[in-house]
$ cat model_31.txt   # compact mmCIF, C-alpha atoms
# COMPACT_ATOMS: atom_id res chain seq x y z
CA MET L 799 0.56 146.94 99.17
CA THR L 800 0.85 143.52 97.53
CA ASP L 801 0.16 141.92 100.92
CA ASP L 802 -3.23 143.66 100.96
CA ILE L 803 -4.25 142.56 97.44
CA PRO L 804 -5.45 139.02 98.39
CA ALA L 805 -7.47 140.44 101.28
CA LEU L 806 -8.91 143.14 99.01
CA ILE L 807 -9.85 140.53 96.39
CA ALA L 808 -11.62 138.50 99.09
CA ARG L 809 -13.54 141.60 100.21
CA ILE L 810 -14.47 142.51 96.63
CA THR L 811 -15.90 139.10 95.87
CA THR L 812 -17.77 138.58 99.14
CA ARG L 813 -19.08 142.01 100.17
CA ALA L 814 -21.63 144.25 98.56
CA PRO L 815 -19.99 147.25 96.90
CA ASP L 816 -19.83 150.49 98.85
CA ARG L 817 -17.91 153.76 98.70
CA GLU L 818 -15.11 152.61 101.01
CA LEU L 819 -14.51 149.44 99.01
CA ASN L 820 -14.57 151.35 95.71
CA ALA L 821 -11.95 153.77 97.11
CA ALA L 822 -9.76 150.83 98.20
CA VAL L 823 -10.01 149.38 94.69
CA ALA L 824 -9.10 152.75 93.17
CA ARG L 825 -6.00 152.98 95.37
CA ALA L 826 -4.99 149.44 94.40
CA LEU L 827 -5.37 150.38 90.73
CA GLY L 828 -3.01 153.33 91.15
CA TRP L 829 -5.39 156.20 91.95
CA THR L 830 -4.13 158.61 94.61
CA THR L 831 -5.43 161.50 96.68
CA GLY L 832 -3.69 164.75 97.33
CA PRO L 833 -4.14 168.51 97.46
CA ASN L 834 -6.06 169.67 94.43
CA THR L 835 -4.45 171.81 91.78
CA LYS L 836 -7.56 173.77 90.79
CA GLY L 837 -7.64 176.04 93.83
CA TRP L 838 -10.53 174.43 95.71
CA LYS L 839 -10.25 175.06 99.43
CA VAL L 840 -11.73 173.43 102.49
CA VAL L 841 -14.07 176.20 103.61
CA GLN L 842 -15.47 175.83 107.07
CA PRO L 843 -16.48 178.73 109.26
CA THR L 844 -14.25 179.15 112.27
CA GLY L 845 -17.10 180.23 114.52
CA TYR L 846 -20.15 182.39 115.04
CA ILE L 847 -20.35 185.74 116.78
CA GLY L 848 -23.80 187.19 117.42
CA GLY L 849 -25.31 185.07 114.66
CA MET L 850 -22.67 186.12 112.12
CA VAL L 851 -20.24 183.63 110.62
CA VAL L 852 -16.56 184.28 111.20
CA PRO L 853 -14.91 183.54 107.84
CA PRO L 854 -12.16 180.93 107.59
CA ARG L 855 -8.54 181.94 107.81
CA GLU L 856 -6.83 183.00 104.61
CA ASP L 857 -4.49 180.02 104.72
CA SER L 858 -7.29 177.43 104.58
CA ALA L 859 -6.07 174.02 103.50
CA PRO L 860 -6.59 172.90 99.91
CA ALA L 861 -9.28 170.27 99.48
CA ASP L 862 -8.22 166.70 98.72
CA ALA L 863 -8.79 165.46 95.19
CA TRP L 864 -8.54 162.14 93.37
CA PHE L 865 -5.82 161.72 90.76
CA ASP L 866 -5.94 158.90 88.20
CA PRO L 867 -2.87 156.73 87.49
CA LYS L 868 -1.78 159.19 84.77
CA GLY L 869 -1.75 162.06 87.28
CA ARG L 870 -4.86 163.85 86.03
CA GLU L 871 -7.09 165.39 88.66
CA ARG L 872 -10.54 163.80 88.56
CA GLY L 873 -12.51 165.58 91.27
CA LEU L 874 -12.81 166.17 94.98
CA ALA L 875 -12.15 163.19 97.23
CA ASP L 876 -15.34 163.69 99.21
CA LYS L 877 -17.61 163.52 96.15
CA GLU L 878 -19.15 160.17 95.25
CA ASP L 879 -18.91 160.70 91.49
CA SER L 880 -15.18 161.56 91.45
CA LEU L 881 -14.25 157.89 91.08
CA PRO L 882 -15.39 155.47 88.41
CA ALA L 883 -17.82 152.88 89.77
CA PHE L 884 -15.34 150.01 89.50
CA LEU L 885 -17.52 147.54 91.42
CA THR L 886 -20.90 148.28 89.86
CA SER L 887 -20.14 149.30 86.27
CA LEU L 888 -18.87 146.71 83.82
CA ASP L 889 -17.55 149.52 81.59
CA ALA L 890 -15.45 150.97 84.43
CA ALA L 891 -14.24 147.52 85.49
CA LEU L 892 -13.19 146.57 81.96
CA GLY L 893 -11.63 150.01 81.53
CA ALA L 894 -9.24 149.18 84.37
CA ALA L 895 -8.10 146.05 82.54
CA PRO L 896 -5.25 146.19 80.04
CA PHE L 897 -6.50 145.93 76.47
CA ASP L 898 -4.34 142.91 75.65
CA GLY L 899 -5.88 139.84 77.22
CA ARG L 900 -9.14 141.55 78.14
CA ALA L 901 -11.22 138.73 76.63
CA ASP L 902 -9.36 136.09 78.68
CA LEU L 903 -9.73 138.21 81.79
CA LEU L 904 -13.48 138.50 81.20
CA ARG L 905 -13.75 134.72 80.72
CA ARG L 906 -11.92 134.10 84.03
CA ALA L 907 -14.19 136.64 85.76
CA LEU L 908 -17.30 134.93 84.34
CA ASP L 909 -16.03 131.55 85.55
CA ALA L 910 -15.30 132.94 89.03
CA HIS L 911 -18.74 134.58 89.09
CA ALA L 912 -20.39 131.27 88.12
CA ARG L 913 -18.46 129.46 90.89
CA TRP L 914 -19.53 132.11 93.39
CA LEU L 915 -23.17 131.70 92.32
CA ALA L 916 -22.97 127.92 92.73
CA GLU L 917 -21.26 128.14 96.14
CA SER L 918 -23.41 130.89 97.60
CA GLY L 919 -26.73 129.81 96.12
CA ARG L 920 -27.52 133.42 95.25
CA ASP L 921 -29.37 134.62 92.19
CA ASP L 922 -27.54 137.19 90.06
CA ALA L 923 -29.34 136.83 86.74
CA ALA L 924 -28.63 140.46 85.83
CA LEU L 925 -24.89 139.95 86.46
CA GLY L 926 -24.83 142.89 88.85
CA ARG L 927 -21.86 141.43 90.77
CA LEU L 928 -19.81 140.64 87.64
CA PRO L 929 -17.87 143.96 87.67
CA ALA L 930 -16.47 143.07 91.10
CA PHE L 931 -15.16 139.78 89.72
CA VAL L 932 -13.62 141.58 86.73
CA VAL L 933 -11.79 143.97 89.09
CA ALA L 934 -10.69 140.99 91.21
CA GLU L 935 -9.15 139.41 88.10
CA VAL L 936 -7.44 142.69 87.18
CA LEU L 937 -5.91 142.95 90.66
CA ALA L 938 -4.91 139.28 90.70
CA ALA L 939 -3.09 139.74 87.37
CA ARG L 940 -0.96 142.61 88.73

$ encode --input "model_31.txt" --output "structure tokens"
Amino acid sequence: MTDDIPALIARITTRAPDRELNAAVARALGWTTGPNTKGWKVVQPTGYIGGMVVPPREDSAPADAWFDPKGRERGLADKEDSLPAFLTSLDAALGAAPFDGRADLLRRALDAHARWLAESGRDDAALGRLPAFVVAEVLAAR
């Protein structure tokens, strides 16, 4: 996984945030997916007969869920709001950083963000891309 971290950091700092990239960041931060523990099932009809739905088999597979690094189930994997918005929320990005050294990490992220603005010529006056640079610093420190 450490081989993928530099590539992930490059993607975080150059691409606009999306669901796939946020999920990749979550996995790099220690989030996992697995069968849920709350009994949710994948419910899909197995077919239709004369306009009536044939119910799924009794042994339907459990739905996948996200688990945080502490092992707590956070929600279904196919729901957008199951994961914190690491790349668009400064609160979520700073929450992923260890408390000790958080101020230094934020300073490095601000410097990297300023360099990116100068190199790209883009305008980010609202600092909308700053959370991505905070997450990049968190991953680089690991």

$ atom_distance --input "model_31.txt" --atom1 "CA of Trp829 in chain L" --atom2 "CA of Asp862 in chain L"
12.8 Å

$ closest_residue --input "model_31.txt" --among "L:Arg870, L:Ala859, L:Phe884, L:Gly832" --to "Glu818 in chain L" --atoms "only C-alpha atoms"
L:Phe884

$ atom_distance --input "model_31.txt" --atom1 "CA of His911 in chain L" --atom2 "CA of Leu806 in chain L"
16.4 Å

$ closest_residue --input "model_31.txt" --among "L:Ala894, L:Leu874, L:Met850, L:Val823" --to "Ala808 in chain L" --atoms "only C-alpha atoms"
L:Val823

$ residues_near_point --input "model_31.txt" --point "(-2.4, 162.2, 89.7)" --cutoff "12 Å" --atoms "all atoms listed in the file" --output "list in words"
Arg825, Gly828, Trp829, Thr830, Thr831, Gly832, Pro833, Asn834, Thr835, Asp862, Ala863, Trp864, Phe865, Asp866, Pro867, Lys868, Gly869, Arg870, Glu871, Arg872 and Gly873 of chain L

$ residues_around --input "model_31.txt" --residues "Ile807 in chain L" --least-positions-apart "6" --cutoff "12 Å" --atoms "all atoms listed in the file" --output "JSON, numbers by chain"
{"L": [800, 801, 813, 819, 820, 822, 823, 826, 885, 910, 930, 931, 932, 933, 934, 935, 936, 937, 938, 939, 940]}

$ closest_residue --input "model_31.txt" --among "L:Leu827, L:Lys836, L:Arg809, L:Ile803" --to "Pro882 in chain L" --atoms "all atoms listed in the file"
L:Leu827

$ atom_distance --input "model_31.txt" --atom1 "CA of Ala824 in chain L" --atom2 "CA of Phe897 in chain L"
18.2 Å

$ closest_residue --input "model_31.txt" --among "L:Ser880, L:Asp898, L:Leu904, L:Thr812" --to "Arg920 in chain L" --atoms "all atoms listed in the file"
L:Thr812

$ closest_residue --input "model_31.txt" --among "L:Gly926, L:Thr811, L:Ser887, L:Leu892" --to "Arg913 in chain L" --atoms "all atoms listed in the file"
L:Thr811

$ build_atoms --input "model_31.txt" --residues "range 867-882 of chain L" --atoms "N, CA, C and O atoms" --output "PDB file, in the coordinates of the input"
ATOM      1  N   PRO L 867      -4.252 157.217  87.594  1.00  0.00           N
ATOM      2  CA  PRO L 867      -2.870 156.730  87.490  1.00  0.00           C
ATOM      3  C   PRO L 867      -1.978 157.558  86.566  1.00  0.00           C
ATOM      4  O   PRO L 867      -0.762 157.531  86.683  1.00  0.00           O
ATOM      5  N   LYS L 868      -2.569 158.333  85.663  1.00  0.00           N
ATOM      6  CA  LYS L 868      -1.780 159.190  84.770  1.00  0.00           C
ATOM      7  C   LYS L 868      -1.512 160.558  85.372  1.00  0.00           C
ATOM      8  O   LYS L 868      -0.908 161.406  84.745  1.00  0.00           O
ATOM      9  N   GLY L 869      -2.000 160.804  86.595  1.00  0.00           N
ATOM     10  CA  GLY L 869      -1.750 162.060  87.280  1.00  0.00           C
ATOM     11  C   GLY L 869      -2.756 163.158  87.008  1.00  0.00           C
ATOM     12  O   GLY L 869      -2.583 164.281  87.455  1.00  0.00           O
ATOM     13  N   ARG L 870      -3.829 162.841  86.298  1.00  0.00           N
ATOM     14  CA  ARG L 870      -4.860 163.850  86.030  1.00  0.00           C
ATOM     15  C   ARG L 870      -5.817 163.943  87.198  1.00  0.00           C
ATOM     16  O   ARG L 870      -6.256 162.931  87.736  1.00  0.00           O
ATOM     17  N   GLU L 871      -6.146 165.175  87.567  1.00  0.00           N
ATOM     18  CA  GLU L 871      -7.090 165.390  88.660  1.00  0.00           C
ATOM     19  C   GLU L 871      -8.492 165.067  88.177  1.00  0.00           C
ATOM     20  O   GLU L 871      -8.937 165.533  87.131  1.00  0.00           O
ATOM     21  N   ARG L 872      -9.221 164.260  88.970  1.00  0.00           N
ATOM     22  CA  ARG L 872     -10.540 163.800  88.560  1.00  0.00           C
ATOM     23  C   ARG L 872     -11.696 164.367  89.362  1.00  0.00           C
ATOM     24  O   ARG L 872     -12.831 164.197  88.986  1.00  0.00           O
ATOM     25  N   GLY L 873     -11.433 165.003  90.471  1.00  0.00           N
ATOM     26  CA  GLY L 873     -12.510 165.580  91.270  1.00  0.00           C
ATOM     27  C   GLY L 873     -12.199 165.498  92.746  1.00  0.00           C
ATOM     28  O   GLY L 873     -11.227 164.876  93.166  1.00  0.00           O
ATOM     29  N   LEU L 874     -13.029 166.132  93.538  1.00  0.00           N
ATOM     30  CA  LEU L 874     -12.810 166.170  94.980  1.00  0.00           C
ATOM     31  C   LEU L 874     -12.972 164.798  95.608  1.00  0.00           C
ATOM     32  O   LEU L 874     -13.821 164.010  95.187  1.00  0.00           O
ATOM     33  N   ALA L 875     -12.162 164.510  96.600  1.00  0.00           N
ATOM     34  CA  ALA L 875     -12.150 163.190  97.230  1.00  0.00           C
ATOM     35  C   ALA L 875     -13.422 162.906  98.015  1.00  0.00           C
ATOM     36  O   ALA L 875     -13.759 161.758  98.238  1.00  0.00           O
ATOM     37  N   ASP L 876     -14.133 163.940  98.429  1.00  0.00           N
ATOM     38  CA  ASP L 876     -15.340 163.690  99.210  1.00  0.00           C
ATOM     39  C   ASP L 876     -16.595 163.575  98.354  1.00  0.00           C
ATOM     40  O   ASP L 876     -17.681 163.376  98.864  1.00  0.00           O
ATOM     41  N   LYS L 877     -16.463 163.650  97.055  1.00  0.00           N
ATOM     42  CA  LYS L 877     -17.610 163.520  96.150  1.00  0.00           C
ATOM     43  C   LYS L 877     -17.719 162.067  95.680  1.00  0.00           C
ATOM     44  O   LYS L 877     -16.730 161.439  95.332  1.00  0.00           O
ATOM     45  N   GLU L 878     -18.910 161.551  95.649  1.00  0.00           N
ATOM     46  CA  GLU L 878     -19.150 160.170  95.250  1.00  0.00           C
ATOM     47  C   GLU L 878     -18.801 159.936  93.783  1.00  0.00           C
ATOM     48  O   GLU L 878     -18.290 158.887  93.413  1.00  0.00           O
ATOM     49  N   ASP L 879     -19.078 160.904  92.935  1.00  0.00           N
ATOM     50  CA  ASP L 879     -18.910 160.700  91.490  1.00  0.00           C
ATOM     51  C   ASP L 879     -17.504 161.029  90.990  1.00  0.00           C
ATOM     52  O   ASP L 879     -17.273 161.043  89.796  1.00  0.00           O
ATOM     53  N   SER L 880     -16.556 161.268  91.879  1.00  0.00           N
ATOM     54  CA  SER L 880     -15.180 161.560  91.450  1.00  0.00           C
ATOM     55  C   SER L 880     -14.458 160.310  90.973  1.00  0.00           C
ATOM     56  O   SER L 880     -13.522 160.397  90.202  1.00  0.00           O
ATOM     57  N   LEU L 881     -14.872 159.157  91.459  1.00  0.00           N
ATOM     58  CA  LEU L 881     -14.250 157.890  91.080  1.00  0.00           C
ATOM     59  C   LEU L 881     -15.148 157.114  90.136  1.00  0.00           C
ATOM     60  O   LEU L 881     -16.366 157.142  90.272  1.00  0.00           O
ATOM     61  N   PRO L 882     -14.562 156.385  89.201  1.00  0.00           N
ATOM     62  CA  PRO L 882     -15.390 155.470  88.410  1.00  0.00           C
ATOM     63  C   PRO L 882     -15.986 154.400  89.321  1.00  0.00           C
ATOM     64  O   PRO L 882     -15.387 154.017  90.326  1.00  0.00           O
TER      65      PRO L 882
END
